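Notes for the one structure printed next.
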Amino acid sequence: MATWRQSALVLGGFVLALALLIFNGFISYRNTQQLIEQSDLETRSRQVLASLEALRRNLTDAETGQRGYILTGEDKFLAPYKAAVTEVPEEFATLRNLTAENAQHQQRLQRLDDLIQQKMSGLKERIELRRTKSLEAASQAILEGPGQEIMDEIRAVVYEMRSAENEALAVREARSHASARTATVTSIASAVVGIVLMLGVFILLKREVWQRTRAEEALRRSEENYRLLVESVQDYAILTLDPFGTVTSWNAGAQRIKGYSAEEIIGKHFSCFHSPEETEGGKPERELKIAAAQGRLEVDAWRVRKDGSRFWANVILTAMRDASGQLRGFAKVTRDLTERKRAEEEIQKLNEELERRVIERTAQLEAANKELEAFTYSVSHDLRAPLRHVDGFSKILLEEFQPQLAAEAQRYLERIRAGTQQMGQLVDDLLNLARVGRRELTVQVAGLNSIVQEVLSDLKAETAERQIEWQIGNLPFVECDPALMKQVFANLLSNALKFTRTRERAVIQVATTLENGHSTVFVRDNGVGFNMKYADKLFGVFQRLHRPEDFEGTGVGLATVQRIVRKHGGKVWANGELDKGATFYFSLGNPESIPSKTTAESWR
Amino acid sequence: MSKNMSKNEVEILLVEDNPDDLELALHALRQEKLANQVAIARDGEEALDFLFCRGPHRERSFVNGPKVVLLDLKLPKVDGIEVLRQVKTDPRTKAIPVVILTASREEKDMVNSYQLGVNAYIQKPVNFEQFREVVKQLGLFWLVVNQSPPQSAFKPA
């Protein structure tokens, strides 16, 4: 807006100044014309005056010459008269010409002509008189004649004409002075205004030029900054292409990534960055087409360096269009992602390798599991068979051959049979432990009280003849595998029964307590207890704290309890004191973090 | 039905490969006076030959099936589960009561056996007295208490 106004001002100033100049020129021209005219008139006036003077002098000279001749009678005095005779008519004709336009002067000249004729003829008469007669006659004629009066009259007319001419001259001079003054004032004024206007316009123009220069300088500097920025970028190849794909600019990053210097590549077609096969297939042109149509194209692909090596590139082609939408070329930004690609491929390879190994390992584990299953199966089946045979035949010996056997032999046979029983129990317990480890949890909500009741009824045979005080508290409902939970209670309660055997009255408590914010179930007895020194050995397989003759057992039960509780995401521990009883605690972890199939899986 | 009680008929087919087990079993059966009409098969194939009346047993008739088969699971040649499967899928033998008498307490074996239609599943106790008790009760139940299937239950193929 400001620029527009400024331009209008400049234009208006110019037009005004031009008009002033033209006006000034016109005024000057007119004044000059007038001056020339005036000066012509003045010149004529002066000529008229000069002519009048010459006429008067000629006439006076003629009279003077006539007087001389009359007095002396010598012809030499007649020279002025003779000159006047030829000069006066000439002079008169000149006067008549000069004053042709002045009617008053013409009238006066008419009268003057008469007077001059009379004068000249008077002069001629007297000269004749002197020549033909005498001095006296001539002098007499002078005295009697009207010569003096005519001369006076001529003088009067000349004077009159001179005065008129002088007057006119004065008027003209005054007029021409005035007009010259006016011309001077006008031209000075218009020159001053013109100069002022021109100065204004000049200042405006100067200012505009200065502003434009400043804007151009700023633009140039900004462009320079951009160019420097783009040129100095090392990590990206930034280049421009013309609409046909010819490289038009090239930065340091492009040189670093692609290997060409700017001199080498500018003016070449960008298809040299593609592999020959791609170029033959027309891929570079297709890319340009797509970029032109969509405005932008991003490609991840292999590109070729100057030395022929390949790199994995991320390429962004952006179409550059001018304000009218005409395609001016393309900006191309390329990144070398070879390292990343390599890393990705490496990761993928590692992942595949890992997956392969996981599959392999899983297969191995499955095979091992199967083997273990086969093993336990065979243990369960085959290990027991010889025990049965030993026991069976020992029993048959005892029954059918008793009379022949010494008491000692019979006792040994009983010891053999006890051994087989123990061995059978051990096999069963171990198999159970193995099964617990392999088994997947079947989780459901179960009331611990009903599980405890089931266990108690299973234990009836062992408790029938004993004095036992059961203190069964209010136990929670928990998510668990009920069959395994039953094994936990079966083991803990039969342990409690076993180790209170020496007590006249056994007190066995099952209840819950809060340990570290976790709901915890415990089984407490008033049995023989244990030394806390061995507390960490309680849950190990085959670990026993008592002699077999005191308390039978395989040393597998608590290990089984621990395994089951851990499979439920919980933990188990014990407190005891020799001869004061023992307490076995177990928690099933947070009620929220319920042992699920996955945690069970992870436990396997 | 009373015909089935005839003395010549096999009442128990004992399928057992282990000679010691076999002897102990027979001892127990003898003690319980149940050894008279016991047929013995030493592997799965022999058991199938007997039950399907072929080979040495081709003279047998399907309608004179044993009152009970005591079947071990771990057997040479054809295992007990396969024997059970064939017996329980063939209409001519389907009705024969089969009792698995095995050392295995594997859940898998029990599940398979019951799904194939076994009539009872008993784990051999290590203790001989208990084993004898089991044999006694088995005999008492299947030979005395239980009503054996009628002949019409053994449909020809």
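Naming scheme: A, B, ... for chains in displayed order of the structure tokens; residues 1 onward per chain; ligands 1 onward as shown.
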
* **Ser113 in chain B environment, 10 Å, only C-alpha atoms, sequence neighbours closer than 3 positions dropped, as a PyMOL selection string** => chain B and resi 73+80-82+84-85+98-100+107-110+116-121

Output file for the residues above (N, CA, C and O atoms, as a compact mmCIF listing (two decimals), in the first residue's frame):
# COMPACT_ATOMS: atom_id res chain seq x y z
N LEU B 73 -1.10 -103.32 32.20
CA LEU B 73 -0.98 -102.33 31.11
C LEU B 73 0.32 -102.51 30.34
O LEU B 73 0.37 -102.41 29.12
N GLY B 80 -1.43 -103.15 27.11
CA GLY B 80 -2.74 -103.37 27.71
C GLY B 80 -3.80 -102.42 27.19
O GLY B 80 -4.96 -102.79 26.99
N ILE B 81 -3.39 -101.15 26.97
CA ILE B 81 -4.37 -100.15 26.49
C ILE B 81 -4.90 -100.57 25.12
O ILE B 81 -6.11 -100.48 24.85
N GLU B 82 -4.02 -101.08 24.25
CA GLU B 82 -4.44 -101.51 22.92
C GLU B 82 -5.38 -102.72 23.01
O GLU B 82 -6.39 -102.79 22.30
N LEU B 84 -7.28 -103.42 25.49
CA LEU B 84 -8.55 -102.90 26.00
C LEU B 84 -9.35 -102.24 24.88
O LEU B 84 -10.55 -102.44 24.73
N ARG B 85 -8.61 -101.43 24.05
CA ARG B 85 -9.28 -100.72 22.96
C ARG B 85 -9.96 -101.70 22.02
O ARG B 85 -11.13 -101.53 21.65
N VAL B 98 -13.56 -105.92 31.94
CA VAL B 98 -12.11 -105.85 31.96
C VAL B 98 -11.68 -105.02 33.17
O VAL B 98 -12.19 -103.92 33.38
N VAL B 99 -10.79 -105.60 33.95
CA VAL B 99 -10.25 -104.88 35.10
C VAL B 99 -8.76 -104.67 34.85
O VAL B 99 -8.02 -105.62 34.59
N ILE B 100 -8.36 -103.40 34.89
CA ILE B 100 -6.92 -103.13 34.76
C ILE B 100 -6.29 -103.35 36.13
O ILE B 100 -6.74 -102.79 37.14
N GLU B 107 -2.09 -90.77 35.91
CA GLU B 107 -3.41 -90.24 35.58
C GLU B 107 -3.76 -90.55 34.13
O GLU B 107 -4.89 -90.92 33.81
N LYS B 108 -2.72 -90.39 33.28
CA LYS B 108 -2.93 -90.61 31.84
C LYS B 108 -3.49 -92.01 31.59
O LYS B 108 -4.44 -92.17 30.80
N ASP B 109 -2.89 -93.01 32.26
CA ASP B 109 -3.33 -94.39 32.05
C ASP B 109 -4.76 -94.58 32.53
O ASP B 109 -5.58 -95.24 31.89
N MET B 110 -5.06 -93.96 33.67
CA MET B 110 -6.41 -94.12 34.22
C MET B 110 -7.43 -93.48 33.29
O MET B 110 -8.48 -94.05 33.01
N LEU B 116 -11.79 -95.71 27.39
CA LEU B 116 -11.98 -96.85 26.50
C LEU B 116 -13.05 -97.80 27.05
O LEU B 116 -13.39 -98.79 26.40
N GLY B 117 -13.53 -97.52 28.26
CA GLY B 117 -14.64 -98.32 28.79
C GLY B 117 -14.23 -99.41 29.76
O GLY B 117 -14.91 -100.43 29.88
N VAL B 118 -13.12 -99.21 30.46
CA VAL B 118 -12.68 -100.23 31.42
C VAL B 118 -13.71 -100.36 32.55
O VAL B 118 -14.41 -99.40 32.86
N ASN B 119 -13.84 -101.54 33.12
CA ASN B 119 -14.85 -101.75 34.15
C ASN B 119 -14.32 -101.47 35.55
O ASN B 119 -15.10 -101.16 36.46
N ALA B 120 -13.00 -101.58 35.72
CA ALA B 120 -12.41 -101.21 37.01
C ALA B 120 -10.93 -100.98 36.79
O ALA B 120 -10.34 -101.49 35.83
N TYR B 121 -10.34 -100.16 37.69
CA TYR B 121 -8.92 -99.86 37.55
C TYR B 121 -8.31 -100.01 38.94
O TYR B 121 -8.68 -99.32 39.89

* To do: Would you give me, as a PyMOL selection string, the residues of chain B that come within 9 Å of chain A, using only C-alpha atoms?
  => chain B and resi 18+20-21+24+27+74+102-106+124-129+131

* Write down as a list in words the residues of range 16-80 of chain B whose backbone DSSP state falls under helix (DSSP H, G or I). => Pro19, Asp20, Asp21, Leu22, Glu23, Leu24, Ala25, Leu26, His27, Ala28, Leu29, Arg30, Gln31, Gly44, Glu45, Glu46, Ala47, Leu48, Asp49, Phe50, Leu51, Gly55, Pro56, His57, Phe62, Val63, Asn64 and Gly80 of chain B

Can you pull out the residues contacting Phe92 in chain A? Cut-off 8 Å, using only C-alpha atoms, and skip same-chain residues under 4 positions away; I want them as a short mmCIF file (atom, residue, chain, number, x, y, z; two decimals) with N, CA, C and O atoms, in the first residue's frame.
data_model
loop_
_atom_site.label_atom_id
_atom_site.label_comp_id
_atom_site.auth_asym_id
_atom_site.auth_seq_id
_atom_site.Cartn_x
_atom_site.Cartn_y
_atom_site.Cartn_z
N SER A 51 16.53 58.86 -38.92
CA SER A 51 16.16 59.35 -40.24
C SER A 51 15.71 60.82 -40.17
O SER A 51 16.12 61.66 -40.99
N LEU A 55 17.40 63.87 -41.91
CA LEU A 55 16.63 64.72 -42.80
C LEU A 55 16.83 66.18 -42.39
O LEU A 55 17.10 67.05 -43.25
N VAL A 88 17.93 63.84 -49.51
CA VAL A 88 16.66 64.11 -48.83
C VAL A 88 15.53 63.22 -49.35
O VAL A 88 14.82 62.62 -48.54
N ARG A 96 9.22 57.24 -44.88
CA ARG A 96 7.86 56.82 -45.27
C ARG A 96 7.69 55.32 -45.08
O ARG A 96 6.68 54.85 -44.54
N ASP A 113 6.50 66.57 -46.45
CA ASP A 113 6.85 66.48 -47.87
C ASP A 113 6.60 67.84 -48.56
O ASP A 113 7.49 68.36 -49.25
#

* Structure fact -> Pro97 in chain B proximity check over B:Leu75, B:Val111, B:Val69, B:Ala41, using only C-alpha atoms: winner is B:Val69

* Determine which residues of range 365-524 of chain A DSSP labels as strand (DSSP E or B) from the backbone of this structure, then write them out as an MDAnalysis selection string. => chainID A and resid 444:447 468:472 477:480 506:515 518:524

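In terms of minimum interatomic distance to Leu71 in chain B, B:Val83 ranks closest within B:Val83, B:Ala28, B:Leu143, B:Ala95, counting only C-alpha atoms.
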
* How far is it from CA of Leu205 in chain A to CA of Leu9 in chain A, in Å with one decimal? -> 9.8 Å

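Relative to CA of Phe273 in chain A, CA of Glu223 in chain A is found at 27.7 Å.
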
* From the list B:Pro91, B:Gly139, B:Pro149, B:Pro56, which residue is nearest Ile12 in chain B when using only C-alpha atoms? -> B:Gly139

* Asked: Which residues, written as JSON, numbers by chain, have at least one atom at most 9 Å from Phe62 in chain B, with only C-alpha atoms counted and residues fewer than 2 positions away on the same chain left out?
  -> {"B": [51, 52, 53, 60, 64, 65, 92, 93, 151, 154, 155, 156]}

How about saving the chosen residues, C-alpha atoms kept, as a tab-separated table (two decimals), in the first residue's frame?
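Output file selection.tsv is given in full below:
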chain	number	residue	atom	x	y	z
B	51	LEU	CA	-10.45	-113.12	23.43
B	52	PHE	CA	-11.03	-113.08	19.67
B	53	CYS	CA	-10.98	-116.89	19.40
B	60	ARG	CA	-13.37	-121.12	21.49
B	64	ASN	CA	-18.24	-118.35	26.29
B	65	GLY	CA	-16.23	-115.30	27.23
B	92	ARG	CA	-18.35	-109.48	20.05
B	93	THR	CA	-16.12	-108.71	23.03
B	151	GLN	CA	-24.91	-114.64	25.96
B	154	PHE	CA	-21.89	-111.12	22.64
B	155	LYS	CA	-23.18	-110.27	19.21
B	156	PRO	CA	-21.57	-111.97	16.26

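The two atoms in question, CA of Gly329 in chain A and CA of Glu216 in chain A, are spaced 23.9 Å apart.
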